[in-house]
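Q: Okay, handing you the structure first.
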Amino acid sequence: MKCTRNLLPLLAALPLAFAGVAHAKNYLSVGYFNGGGDITAGPGGDVNKLDVRQITHLNYSFGLIYNDEKGETNTALKDPAKLHQIWLSPKVTADLEKISALRKQNPRLKVLLSVGGWGARGFSGAAASPENRAIFIRSAQEVIKRYGLDGIDLDWEYPINGAWGLVDATEADRDNFTALLNELRQALGKEKLLTIAVGANVKSPTEWVDVKAIAPALDYINLMTYDMAYGTQYFNANLYDSKAWPTVASADKYSANFVVNNYIAAGLKPAQLNLGIGFYGRVPKRATEPGIDWDKPDAAKNPVTQPYFGAPEKAIFASYGLDLTKDSYFKYNAIVSKLLNDPQKRFTARWDDDAKVPYLTMKTSEGKDVFAISYENPKSVAIKAEYIKRKGLGGAMFWEYGADDKNQLAKQLARTLGIQSGH
């Protein structure tokens, strides 16, 4: 899941990379909006209800790619005459026609189309050859021109890795992605924004994406510093490690700060990076599945943690429409309206002062207090914004605007980063 913005002038040797980037104190707030297309986030939101006065960039999500992958289930994407071009659903096209109305709220707003998202197919094929890349690039230019957009954002999840086998991938993806971005930049010129979203996985900046090679072509890079509540990790987007709720397997020991440092160590300038903030929470997978330490022999046969949710705990989440056998994703507005305001008071709000994020606990049927879900609130968003300033990052990115609760997270982000509202 995934966004846009402006940055600092960097090196004179990188004339294209940050052509539109401003002074260091002009932080970005790039808000992804799920108009439709992300397979994990449900139906698209209502663009007419968006308040864009407290963001600098809007990443409208998602465009998809016509492809010939065997695993593609969307028949609309299988037209061989349009292979490697960008596909827009009827809802997306209708929403993009309304961009001019959004700009009336905020004349300085930059609007990009984000292409891709979790489970989105077609990137590997579209990037595979000069001919395929040319088709994709012409399609991107046409979409930008048709809807008067400020640029395009690519959310390929993930080159080489292929979302752990969910989508097609090859070892050539890394170099092909570099070629695609460099050729896209050449075609778009300096006037249009070109950005990408990249994953939190430690292999992303070292093996999946050649970050130093693509940096000159990009205006900025959005870090997806969330979705960490897997394996033996409890927290979805902890800023730092937790002492109270530690990770068992060292390979699962992720934090937003850890991810940021990995990308900087790979050669990126902090000002190129936007810290990702999830406007949602996740029930940790360790609550429902055995935790595996894959660095140990016979790992699958010897789980290092056991699930601690039973049928009663799962049933509570099911009563709120969350099937934990399929997903653990809960929007912030639903956390506020349903969990924090649960009439039966089955959840207790907590704060982890090491991780710098809130979480909820719940009582099991045996009366034991267990970790239920972690998320963001205005306090944690403000702390992450202060981290952005202290670390010298370009700004923030968040997924996704439709999950906010009365715009309170976006407003808190704008206040702390000093982003002036609207006009």
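In the structure tokens, the first chain shown is A, the next is B, and so on; residue numbers restart at 1 for each chain, and ligands run from 1 in the order shown.
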Tell me, counting only C-alpha atoms, for each residue of range 68-127 of chain A within 9 Å of range 171-176 of chain A, which pair of atoms is nearest and how far apart they are in Å to one decimal, in rows ordered by chain and increasing number, as JSON lines.
A:
{"residue": "A:Phe123", "atom": "CA", "partner": "A:Asp173", "partner_atom": "CA", "distance": 8.7}
{"residue": "A:Ser124", "atom": "CA", "partner": "A:Asp173", "partner_atom": "CA", "distance": 6.2}
{"residue": "A:Ala127", "atom": "CA", "partner": "A:Asn176", "partner_atom": "CA", "distance": 5.4}
Q: Would you write out those residues with C-alpha atoms, as a PDB file, in the first residue's frame?
A:
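Saved as again15.pdb:
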ATOM      1  CA  PHE A 123       5.674  -4.283 -13.758  1.00  0.00           C
ATOM      2  CA  SER A 124       8.193  -7.013 -14.529  1.00  0.00           C
ATOM      3  CA  ALA A 127      10.121  -2.988 -17.624  1.00  0.00           C
TER       4      ALA A 127
END
Q: At a cut-off of 9 Å, using only C-alpha atoms, what residues contact Gly63 in chain A? Leave out same-chain residues fewer than 4 positions from it and give the result as a ChimeraX atom specification.
A: /A:36-37,86-89,92,113-117
Q: Print the selection's residues with N, CA and C atoms to a file, as an mmCIF file, in the first residue's frame.
A:
data_model
loop_
_atom_site.group_PDB
_atom_site.id
_atom_site.type_symbol
_atom_site.label_atom_id
_atom_site.label_comp_id
_atom_site.auth_asym_id
_atom_site.auth_seq_id
_atom_site.Cartn_x
_atom_site.Cartn_y
_atom_site.Cartn_z
ATOM 1 N N GLY A 36 -9.299 3.214 -5.639
ATOM 2 C CA GLY A 36 -9.690 1.879 -6.087
ATOM 3 C C GLY A 36 -8.503 1.173 -6.697
ATOM 4 N N GLY A 37 -8.410 -0.133 -6.498
ATOM 5 C CA GLY A 37 -7.363 -0.892 -7.147
ATOM 6 C C GLY A 37 -6.474 -1.674 -6.199
ATOM 7 N N ILE A 86 -1.014 1.585 -19.109
ATOM 8 C CA ILE A 86 -1.690 1.827 -17.834
ATOM 9 C C ILE A 86 -3.196 1.691 -18.009
ATOM 10 N N TRP A 87 -3.812 0.938 -17.119
ATOM 11 C CA TRP A 87 -5.264 0.755 -17.119
ATOM 12 C C TRP A 87 -5.867 1.535 -15.956
ATOM 13 N N LEU A 88 -6.959 2.241 -16.229
ATOM 14 C CA LEU A 88 -7.685 2.976 -15.203
ATOM 15 C C LEU A 88 -9.109 2.452 -15.148
ATOM 16 N N SER A 89 -9.584 2.141 -13.969
ATOM 17 C CA SER A 89 -10.955 1.679 -13.823
ATOM 18 C C SER A 89 -11.920 2.828 -14.093
ATOM 19 N N VAL A 92 -11.793 5.292 -11.265
ATOM 20 C CA VAL A 92 -10.566 6.089 -11.247
ATOM 21 C C VAL A 92 -10.638 7.197 -12.286
ATOM 22 N N LEU A 113 -0.689 10.339 -10.204
ATOM 23 C CA LEU A 113 -1.312 9.028 -10.279
ATOM 24 C C LEU A 113 -0.300 8.013 -9.784
ATOM 25 N N SER A 114 -0.702 7.196 -8.821
ATOM 26 C CA SER A 114 0.144 6.099 -8.362
ATOM 27 C C SER A 114 -0.263 4.834 -9.101
ATOM 28 N N VAL A 115 0.717 4.169 -9.670
ATOM 29 C CA VAL A 115 0.481 2.943 -10.432
ATOM 30 C C VAL A 115 1.057 1.769 -9.654
ATOM 31 N N GLY A 116 0.240 0.756 -9.417
ATOM 32 C CA GLY A 116 0.737 -0.442 -8.746
ATOM 33 C C GLY A 116 -0.042 -0.782 -7.504
ATOM 34 N N GLY A 117 0.673 -0.974 -6.392
ATOM 35 C CA GLY A 117 0.052 -1.398 -5.145
ATOM 36 C C GLY A 117 0.302 -2.875 -4.883
#
Q: Which residues of range 201-311 of chain A come within 12 Å of range 43-57 of chain A, and what is each one's closest atom pair and distance in Å (one decimal), counting only C-alpha atoms, sorted by chain and residue number, as a tab-separated table?
A:
residue	atom	partner	partner_atom	distance
A:Tyr220	CA	A:His57	CA	11.7
A:Asn222	CA	A:His57	CA	11.9
A:Asn274	CA	A:His57	CA	11.8
Q: For Gly291 in chain A, which residue out of A:Ala251, A:Leu181, A:Val357, A:Leu96 is the nearest one, using only C-alpha atoms?
A: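 With only C-alpha atoms as the atom set, the closest residue is A:Ala251.
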Q: Go through range 122-234 of chain A and flag each residue having an atom no more than 12 Å from range 371-395 of chain A; for those, report the closest pair of atoms plus their distance in Å to one decimal, using only C-alpha atoms, ordered by chain and rising number, as a tab-separated table.
A:
residue	atom	partner	partner_atom	distance
A:Asp219	CA	A:Gly394	CA	10.3
A:Tyr220	CA	A:Gly394	CA	7.8
A:Ile221	CA	A:Gly394	CA	9.1
A:Asn222	CA	A:Gly395	CA	9.2
A:Leu223	CA	A:Gly395	CA	10.5
A:Thr225	CA	A:Lys384	CA	11.1
A:Tyr226	CA	A:Tyr375	CA	9.9
A:Asp227	CA	A:Tyr375	CA	10.5
A:Met228	CA	A:Ser374	CA	10.5
A:Ala229	CA	A:Ser374	CA	8.6
A:Gln233	CA	A:Ser374	CA	11.0
A:Tyr234	CA	A:Phe371	CA	7.6
Q: Using only N, CA and C atoms, please write the residues we just selected to a file, as a compact mmCIF listing (two decimals), in the first residue's frame.
A:
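Contents of result_10.txt, freshly written:
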# COMPACT_ATOMS: atom_id res chain seq x y z
N ASP A 219 12.23 12.60 -7.90
CA ASP A 219 12.03 13.79 -7.08
C ASP A 219 12.08 13.43 -5.60
N TYR A 220 11.56 12.28 -5.25
CA TYR A 220 11.67 11.78 -3.88
C TYR A 220 11.23 10.33 -3.83
N ILE A 221 11.49 9.70 -2.70
CA ILE A 221 11.20 8.28 -2.51
C ILE A 221 10.36 8.11 -1.25
N ASN A 222 9.25 7.41 -1.38
CA ASN A 222 8.35 7.17 -0.25
C ASN A 222 8.68 5.83 0.40
N LEU A 223 9.03 5.86 1.67
CA LEU A 223 9.36 4.64 2.40
C LEU A 223 8.11 4.07 3.05
N THR A 225 7.27 2.52 5.68
CA THR A 225 7.74 2.13 7.01
C THR A 225 6.55 1.71 7.89
N TYR A 226 5.89 0.67 7.44
CA TYR A 226 4.77 0.09 8.16
C TYR A 226 4.60 -1.35 7.67
N ASP A 227 3.54 -2.02 8.09
CA ASP A 227 3.33 -3.44 7.77
C ASP A 227 4.44 -4.32 8.34
N MET A 228 4.81 -4.06 9.57
CA MET A 228 5.89 -4.81 10.21
C MET A 228 5.38 -5.88 11.18
N ALA A 229 4.07 -5.96 11.37
CA ALA A 229 3.50 -6.85 12.40
C ALA A 229 3.38 -8.29 11.91
N GLN A 233 7.12 -10.16 15.42
CA GLN A 233 7.00 -8.74 15.74
C GLN A 233 5.57 -8.44 16.20
N TYR A 234 5.41 -7.59 17.19
CA TYR A 234 4.09 -7.17 17.65
C TYR A 234 3.60 -5.92 16.91
Q: Would you kindly return, as a PDB file with C-alpha atoms, in the first residue's frame, each protein, DNA or RNA residue with an atom no farther than 10 Å from any atom of Ser250 in chain A, considering only C-alpha atoms and excluding same-chain residues fewer than 6 positions away?
A:
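The new file around_1.pdb reads:
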ATOM      1  CA  THR A 232       7.453 -12.528  15.861  1.00  0.00           C
ATOM      2  CA  GLN A 233       6.996  -8.743  15.740  1.00  0.00           C
ATOM      3  CA  ASP A 293      12.722 -17.960  13.201  1.00  0.00           C
ATOM      4  CA  TRP A 294      13.939 -18.819   9.708  1.00  0.00           C
ATOM      5  CA  ASP A 295      17.576 -18.413  10.750  1.00  0.00           C
TER       6      ASP A 295
END
Q: Taking only C-alpha atoms into account, produce a table as JSON lines in which each residue of range 102-188 of chain A with an atom at most 10 Å from an atom of range 407-422 of chain A appears once, together with its shortest atom pair and the distance in Å to one decimal, ordered by chain and rising number.
A:
{"residue": "A:Arg103", "atom": "CA", "partner": "A:Gly422", "partner_atom": "CA", "distance": 9.3}
{"residue": "A:Lys104", "atom": "CA", "partner": "A:Gly422", "partner_atom": "CA", "distance": 8.9}
{"residue": "A:Gln105", "atom": "CA", "partner": "A:Gly422", "partner_atom": "CA", "distance": 6.1}
{"residue": "A:Asn106", "atom": "CA", "partner": "A:Gly422", "partner_atom": "CA", "distance": 4.4}
{"residue": "A:Pro107", "atom": "CA", "partner": "A:Gly422", "partner_atom": "CA", "distance": 7.3}
{"residue": "A:Arg108", "atom": "CA", "partner": "A:Gly422", "partner_atom": "CA", "distance": 7.7}
{"residue": "A:Leu109", "atom": "CA", "partner": "A:Gly422", "partner_atom": "CA", "distance": 8.4}
Q: Considering only C-alpha atoms, return as a PDB file with N, CA and C atoms, in the first residue's frame whatever protein or nucleic-acid residues lie within 9 Å of range 150-167 of chain A, sequence-local ones (same chain, fewer than 3 positions apart) excluded.
A:
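result.pdb, freshly written:
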ATOM      1  N   MET A   1       0.819  -1.171   0.000  1.00  0.00           N
ATOM      2  CA  MET A   1       0.000   0.000   0.000  1.00  0.00           C
ATOM      3  C   MET A   1       0.866   1.238   0.000  1.00  0.00           C
ATOM      4  N   LYS A   2       0.276   2.522  -0.500  1.00  0.00           N
ATOM      5  CA  LYS A   2       1.274   3.545  -0.718  1.00  0.00           C
ATOM      6  C   LYS A   2       0.940   4.961  -1.187  1.00  0.00           C
ATOM      7  N   CYS A   3       2.278   7.110  -2.364  1.00  0.00           N
ATOM      8  CA  CYS A   3       2.138   8.577  -2.115  1.00  0.00           C
ATOM      9  C   CYS A   3       2.944   9.660  -2.873  1.00  0.00           C
ATOM     10  N   THR A   4       3.283  11.199  -2.537  1.00  0.00           N
ATOM     11  CA  THR A   4       4.032  12.268  -3.270  1.00  0.00           C
ATOM     12  C   THR A   4       4.588  13.497  -2.528  1.00  0.00           C
ATOM     13  N   ASN A  59      -1.351  11.438  -3.862  1.00  0.00           N
ATOM     14  CA  ASN A  59      -1.095  10.292  -4.745  1.00  0.00           C
ATOM     15  C   ASN A  59      -2.398   9.533  -4.918  1.00  0.00           C
ATOM     16  N   GLU A  69       0.379 -11.906 -17.294  1.00  0.00           N
ATOM     17  CA  GLU A  69       0.752 -12.835 -16.243  1.00  0.00           C
ATOM     18  C   GLU A  69      -0.348 -13.879 -16.028  1.00  0.00           C
ATOM     19  N   GLY A  71      -1.248 -15.343 -13.392  1.00  0.00           N
ATOM     20  CA  GLY A  71      -2.003 -15.180 -12.162  1.00  0.00           C
ATOM     21  C   GLY A  71      -2.989 -14.031 -12.164  1.00  0.00           C
ATOM     22  N   GLU A  72      -3.059 -13.262 -13.245  1.00  0.00           N
ATOM     23  CA  GLU A  72      -3.971 -12.107 -13.288  1.00  0.00           C
ATOM     24  C   GLU A  72      -5.423 -12.569 -13.288  1.00  0.00           C
ATOM     25  N   LYS A 110      -0.059  19.291  -5.429  1.00  0.00           N
ATOM     26  CA  LYS A 110       0.462  18.495  -6.526  1.00  0.00           C
ATOM     27  C   LYS A 110      -0.269  17.153  -6.529  1.00  0.00           C
ATOM     28  N   VAL A 111      -0.736  16.753  -7.704  1.00  0.00           N
ATOM     29  CA  VAL A 111      -1.504  15.506  -7.810  1.00  0.00           C
ATOM     30  C   VAL A 111      -0.788  14.537  -8.749  1.00  0.00           C
ATOM     31  N   LEU A 112      -0.540  13.341  -8.248  1.00  0.00           N
ATOM     32  CA  LEU A 112       0.100  12.294  -9.041  1.00  0.00           C
ATOM     33  C   LEU A 112      -0.810  11.076  -9.127  1.00  0.00           C
ATOM     34  N   LEU A 113      -0.689  10.339 -10.204  1.00  0.00           N
ATOM     35  CA  LEU A 113      -1.312   9.028 -10.279  1.00  0.00           C
ATOM     36  C   LEU A 113      -0.300   8.013  -9.784  1.00  0.00           C
ATOM     37  N   SER A 114      -0.702   7.196  -8.821  1.00  0.00           N
ATOM     38  CA  SER A 114       0.144   6.099  -8.362  1.00  0.00           C
ATOM     39  C   SER A 114      -0.263   4.834  -9.101  1.00  0.00           C
ATOM     40  N   VAL A 115       0.717   4.169  -9.670  1.00  0.00           N
ATOM     41  CA  VAL A 115       0.481   2.943 -10.432  1.00  0.00           C
ATOM     42  C   VAL A 115       1.057   1.769  -9.654  1.00  0.00           C
ATOM     43  N   GLY A 116       0.240   0.756  -9.417  1.00  0.00           N
ATOM     44  CA  GLY A 116       0.737  -0.442  -8.746  1.00  0.00           C
ATOM     45  C   GLY A 116      -0.042  -0.782  -7.504  1.00  0.00           C
ATOM     46  N   GLY A 117       0.673  -0.974  -6.392  1.00  0.00           N
ATOM     47  CA  GLY A 117       0.052  -1.398  -5.145  1.00  0.00           C
ATOM     48  C   GLY A 117       0.302  -2.875  -4.883  1.00  0.00           C
ATOM     49  N   TRP A 118      -0.087  -3.301  -3.695  1.00  0.00           N
ATOM     50  CA  TRP A 118       0.122  -4.701  -3.320  1.00  0.00           C
ATOM     51  C   TRP A 118      -0.645  -5.626  -4.269  1.00  0.00           C
ATOM     52  N   GLY A 119       0.053  -6.608  -4.813  1.00  0.00           N
ATOM     53  CA  GLY A 119      -0.576  -7.583  -5.692  1.00  0.00           C
ATOM     54  C   GLY A 119      -0.760  -7.122  -7.118  1.00  0.00           C
ATOM     55  N   ALA A 120      -0.318  -5.908  -7.442  1.00  0.00           N
ATOM     56  CA  ALA A 120      -0.474  -5.380  -8.802  1.00  0.00           C
ATOM     57  C   ALA A 120       0.531  -6.049  -9.733  1.00  0.00           C
ATOM     58  N   ARG A 121       0.035  -6.576 -10.840  1.00  0.00           N
ATOM     59  CA  ARG A 121       0.881  -7.285 -11.795  1.00  0.00           C
ATOM     60  C   ARG A 121       1.282  -6.384 -12.961  1.00  0.00           C
ATOM     61  N   GLY A 122       2.256  -6.843 -13.712  1.00  0.00           N
ATOM     62  CA  GLY A 122       2.608  -6.188 -14.960  1.00  0.00           C
ATOM     63  C   GLY A 122       3.891  -5.401 -14.961  1.00  0.00           C
ATOM     64  N   PHE A 123       4.450  -5.085 -13.798  1.00  0.00           N
ATOM     65  CA  PHE A 123       5.674  -4.283 -13.758  1.00  0.00           C
ATOM     66  C   PHE A 123       6.857  -5.009 -14.393  1.00  0.00           C
ATOM     67  N   SER A 124       7.036  -6.277 -14.036  1.00  0.00           N
ATOM     68  CA  SER A 124       8.193  -7.013 -14.529  1.00  0.00           C
ATOM     69  C   SER A 124       8.197  -7.068 -16.051  1.00  0.00           C
ATOM     70  N   ALA A 140       2.004   6.502 -19.758  1.00  0.00           N
ATOM     71  CA  ALA A 140       2.092   7.402 -18.600  1.00  0.00           C
ATOM     72  C   ALA A 140       1.995   8.856 -19.040  1.00  0.00           C
ATOM     73  N   GLN A 141       2.659   9.201 -20.116  1.00  0.00           N
ATOM     74  CA  GLN A 141       2.601  10.571 -20.625  1.00  0.00           C
ATOM     75  C   GLN A 141       1.175  10.949 -21.019  1.00  0.00           C
ATOM     76  N   ILE A 144      -0.969  11.525 -17.831  1.00  0.00           N
ATOM     77  CA  ILE A 144      -0.603  12.800 -17.202  1.00  0.00           C
ATOM     78  C   ILE A 144      -1.200  13.967 -17.968  1.00  0.00           C
ATOM     79  N   THR A 170      11.693 -11.435 -11.999  1.00  0.00           N
ATOM     80  CA  THR A 170      12.909 -12.052 -12.511  1.00  0.00           C
ATOM     81  C   THR A 170      14.114 -11.376 -11.873  1.00  0.00           C
ATOM     82  N   GLU A 171      15.270 -12.007 -11.988  1.00  0.00           N
ATOM     83  CA  GLU A 171      16.504 -11.424 -11.456  1.00  0.00           C
ATOM     84  C   GLU A 171      16.875 -10.143 -12.186  1.00  0.00           C
ATOM     85  N   ALA A 172      16.335  -9.953 -13.404  1.00  0.00           N
ATOM     86  CA  ALA A 172      16.644  -8.754 -14.183  1.00  0.00           C
ATOM     87  C   ALA A 172      15.826  -7.543 -13.755  1.00  0.00           C
ATOM     88  N   ASP A 173      14.878  -7.719 -12.853  1.00  0.00           N
ATOM     89  CA  ASP A 173      13.973  -6.624 -12.464  1.00  0.00           C
ATOM     90  C   ASP A 173      14.725  -5.399 -11.954  1.00  0.00           C
ATOM     91  N   ARG A 174      15.757  -5.623 -11.172  1.00  0.00           N
ATOM     92  CA  ARG A 174      16.484  -4.509 -10.557  1.00  0.00           C
ATOM     93  C   ARG A 174      17.039  -3.570 -11.628  1.00  0.00           C
ATOM     94  N   PHE A 177      14.220  -1.939 -13.707  1.00  0.00           N
ATOM     95  CA  PHE A 177      13.554  -0.850 -13.006  1.00  0.00           C
ATOM     96  C   PHE A 177      14.380   0.435 -13.116  1.00  0.00           C
ATOM     97  N   LEU A 188       9.649  12.582 -19.352  1.00  0.00           N
ATOM     98  CA  LEU A 188       8.812  13.547 -18.628  1.00  0.00           C
ATOM     99  C   LEU A 188       9.467  14.922 -18.527  1.00  0.00           C
ATOM    100  N   GLU A 191       9.777  19.098 -15.634  1.00  0.00           N
ATOM    101  CA  GLU A 191       8.560  19.764 -15.157  1.00  0.00           C
ATOM    102  C   GLU A 191       7.629  18.837 -14.385  1.00  0.00           C
ATOM    103  N   LYS A 192       7.660  17.546 -14.687  1.00  0.00           N
ATOM    104  CA  LYS A 192       6.749  16.599 -14.046  1.00  0.00           C
ATOM    105  C   LYS A 192       7.465  15.800 -12.965  1.00  0.00           C
ATOM    106  N   LEU A 193       6.716  15.452 -11.926  1.00  0.00           N
ATOM    107  CA  LEU A 193       7.265  14.692 -10.807  1.00  0.00           C
ATOM    108  C   LEU A 193       7.325  13.208 -11.146  1.00  0.00           C
ATOM    109  N   LEU A 194       8.393  12.580 -10.715  1.00  0.00           N
ATOM    110  CA  LEU A 194       8.542  11.129 -10.826  1.00  0.00           C
ATOM    111  C   LEU A 194       8.994  10.618  -9.463  1.00  0.00           C
ATOM    112  N   THR A 195       8.177   9.755  -8.855  1.00  0.00           N
ATOM    113  CA  THR A 195       8.449   9.250  -7.514  1.00  0.00           C
ATOM    114  C   THR A 195       8.164   7.762  -7.462  1.00  0.00           C
ATOM    115  N   ILE A 196       8.662   7.123  -6.415  1.00  0.00           N
ATOM    116  CA  ILE A 196       8.373   5.706  -6.201  1.00  0.00           C
ATOM    117  C   ILE A 196       8.105   5.462  -4.725  1.00  0.00           C
ATOM    118  N   ALA A 197       7.463   4.339  -4.442  1.00  0.00           N
ATOM    119  CA  ALA A 197       7.332   3.830  -3.074  1.00  0.00           C
ATOM    120  C   ALA A 197       8.184   2.577  -2.971  1.00  0.00           C
ATOM    121  N   VAL A 198       8.885   2.417  -1.864  1.00  0.00           N
ATOM    122  CA  VAL A 198       9.752   1.250  -1.673  1.00  0.00           C
ATOM    123  C   VAL A 198       9.448   0.583  -0.341  1.00  0.00           C
ATOM    124  N   GLY A 199       9.745  -0.714  -0.277  1.00  0.00           N
ATOM    125  CA  GLY A 199       9.384  -1.511   0.876  1.00  0.00           C
ATOM    126  C   GLY A 199      10.335  -1.379   2.047  1.00  0.00           C
ATOM    127  N   SER A 204      15.398  -4.629   0.322  1.00  0.00           N
ATOM    128  CA  SER A 204      14.944  -3.699  -0.709  1.00  0.00           C
ATOM    129  C   SER A 204      16.033  -2.746  -1.186  1.00  0.00           C
ATOM    130  N   GLU A 207      19.270  -5.260  -2.511  1.00  0.00           N
ATOM    131  CA  GLU A 207      19.162  -6.290  -3.540  1.00  0.00           C
ATOM    132  C   GLU A 207      18.035  -6.049  -4.557  1.00  0.00           C
ATOM    133  N   TRP A 208      16.903  -5.511  -4.114  1.00  0.00           N
ATOM    134  CA  TRP A 208      15.759  -5.400  -5.014  1.00  0.00           C
ATOM    135  C   TRP A 208      15.789  -4.146  -5.880  1.00  0.00           C
ATOM    136  N   VAL A 209      16.263  -3.031  -5.312  1.00  0.00           N
ATOM    137  CA  VAL A 209      16.262  -1.738  -6.002  1.00  0.00           C
ATOM    138  C   VAL A 209      17.664  -1.142  -5.924  1.00  0.00           C
TER     139      VAL A 209
END
Q: So, with only C-alpha atoms as the atoms that count, which of A:Ala287, A:Ile292, A:Val202, A:Ala76 lies closest to Lys314 in chain A?
A: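 Closest candidate: A:Ala287.
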Q: Please measure the separation of CA of Val248 in chain A and CA of Leu273 in chain A, giving the value in Å to one decimal.
A: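 Answer for the CA of Val248 in chain A to CA of Leu273 in chain A separation: 29.1 Å.
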Q: Can you list, as a compact mmCIF listing (two decimals) with N, CA and C atoms, in the first residue's frame, all residues belonging to range 238-326 of chain A that DSSP tags as helix (DSSP H, G or I)?
A:
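Everything below was put into selection_6.txt:
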# COMPACT_ATOMS: atom_id res chain seq x y z
N SER A 250 15.53 -12.36 15.46
CA SER A 250 16.28 -11.14 15.13
C SER A 250 15.94 -10.63 13.73
N ALA A 251 15.59 -11.52 12.82
CA ALA A 251 15.26 -11.11 11.46
C ALA A 251 13.94 -10.34 11.40
N ASP A 252 13.13 -10.42 12.45
CA ASP A 252 11.86 -9.69 12.50
C ASP A 252 11.99 -8.35 13.19
N ALA A 256 10.71 1.78 12.18
CA ALA A 256 10.79 2.82 11.14
C ALA A 256 12.21 3.40 11.08
N ASN A 257 12.81 3.61 12.25
CA ASN A 257 14.17 4.14 12.30
C ASN A 257 15.17 3.18 11.65
N PHE A 258 15.00 1.90 11.88
CA PHE A 258 15.85 0.87 11.27
C PHE A 258 15.77 0.93 9.75
N VAL A 259 14.56 1.06 9.22
CA VAL A 259 14.37 1.12 7.77
C VAL A 259 15.00 2.37 7.18
N VAL A 260 14.76 3.51 7.81
CA VAL A 260 15.35 4.77 7.33
C VAL A 260 16.87 4.65 7.28
N ASN A 261 17.46 4.13 8.33
CA ASN A 261 18.91 4.00 8.37
C ASN A 261 19.44 3.04 7.30
N ASN A 262 18.67 2.01 6.98
CA ASN A 262 19.08 1.09 5.92
C ASN A 262 19.17 1.79 4.57
N TYR A 263 18.20 2.64 4.28
CA TYR A 263 18.21 3.34 2.99
C TYR A 263 19.32 4.40 2.95
N ILE A 264 19.55 5.07 4.05
CA ILE A 264 20.64 6.05 4.10
C ILE A 264 21.98 5.34 3.93
N ALA A 265 22.14 4.20 4.59
CA ALA A 265 23.37 3.43 4.48
C ALA A 265 23.60 2.93 3.06
N PRO A 270 19.15 11.77 3.16
CA PRO A 270 17.91 11.82 3.96
C PRO A 270 16.82 12.68 3.33
N ALA A 271 17.21 13.79 2.69
CA ALA A 271 16.23 14.70 2.12
C ALA A 271 15.48 14.10 0.94
N GLN A 272 15.96 12.97 0.42
CA GLN A 272 15.26 12.29 -0.66
C GLN A 272 14.12 11.42 -0.14
N LYS A 285 0.50 -10.84 13.46
CA LYS A 285 0.31 -12.21 12.99
C LYS A 285 0.65 -13.23 14.06
N ARG A 286 1.54 -12.85 14.99
CA ARG A 286 1.91 -13.80 16.04
C ARG A 286 0.75 -14.08 16.98
N ALA A 287 -0.30 -13.24 16.91
CA ALA A 287 -1.49 -13.50 17.73
C ALA A 287 -2.28 -14.69 17.19
N ALA A 299 13.42 -24.70 11.04
CA ALA A 299 12.64 -23.58 11.59
C ALA A 299 11.14 -23.84 11.55
N ALA A 300 10.64 -24.33 10.41
CA ALA A 300 9.19 -24.52 10.26
C ALA A 300 8.65 -25.54 11.26
N LYS A 301 9.49 -26.48 11.64
CA LYS A 301 9.05 -27.52 12.58
C LYS A 301 9.18 -27.07 14.02
N ALA A 311 -10.55 -18.71 19.96
CA ALA A 311 -11.80 -18.43 19.25
C ALA A 311 -12.53 -17.21 19.80
N PRO A 312 -12.59 -16.99 21.15
CA PRO A 312 -13.30 -15.81 21.65
C PRO A 312 -12.69 -14.49 21.18
N GLU A 313 -11.34 -14.42 21.17
CA GLU A 313 -10.69 -13.18 20.75
C GLU A 313 -10.90 -12.93 19.25
N LYS A 314 -10.81 -13.99 18.46
CA LYS A 314 -11.05 -13.86 17.03
C LYS A 314 -12.50 -13.45 16.75
N ALA A 315 -13.40 -13.96 17.56
CA ALA A 315 -14.82 -13.66 17.37
C ALA A 315 -15.11 -12.19 17.64
N ILE A 316 -14.39 -11.58 18.58
CA ILE A 316 -14.59 -10.16 18.87
C ILE A 316 -14.24 -9.33 17.63
N PHE A 317 -13.09 -9.63 17.01
CA PHE A 317 -12.73 -8.89 15.80
C PHE A 317 -13.68 -9.22 14.66
N ALA A 318 -14.13 -10.46 14.58
CA ALA A 318 -15.08 -10.83 13.54
C ALA A 318 -16.38 -10.05 13.68
N SER A 319 -16.76 -9.74 14.93
CA SER A 319 -17.99 -8.97 15.14
C SER A 319 -17.88 -7.56 14.57
Q: As a ChimeraX atom specification, please: every residue in range 169-327 of chain A that a backbone DSSP assignment puts in strand (DSSP E).
A: /A:193-198,220-223,273-278,280-282
Q: Just the selected residues (C-alpha atoms), exported as a short mmCIF file (atom, residue, chain, number, x, y, z; two decimals), in the first residue's frame, please.
A:
data_model
loop_
_atom_site.label_atom_id
_atom_site.label_comp_id
_atom_site.auth_asym_id
_atom_site.auth_seq_id
_atom_site.Cartn_x
_atom_site.Cartn_y
_atom_site.Cartn_z
CA LEU A 193 7.27 14.69 -10.81
CA LEU A 194 8.54 11.13 -10.83
CA THR A 195 8.45 9.25 -7.51
CA ILE A 196 8.37 5.71 -6.20
CA ALA A 197 7.33 3.83 -3.07
CA VAL A 198 9.75 1.25 -1.67
CA TYR A 220 11.67 11.78 -3.88
CA ILE A 221 11.20 8.28 -2.51
CA ASN A 222 8.35 7.17 -0.25
CA LEU A 223 9.36 4.64 2.40
CA LEU A 273 13.20 10.20 1.73
CA ASN A 274 9.65 10.55 2.99
CA LEU A 275 8.78 8.60 6.13
CA GLY A 276 5.72 6.42 5.62
CA ILE A 277 2.96 6.61 8.24
CA GLY A 278 0.08 4.14 8.25
CA TYR A 280 -4.40 2.10 10.17
CA GLY A 281 -3.46 -0.65 12.57
CA ARG A 282 -2.71 -4.36 12.39
#
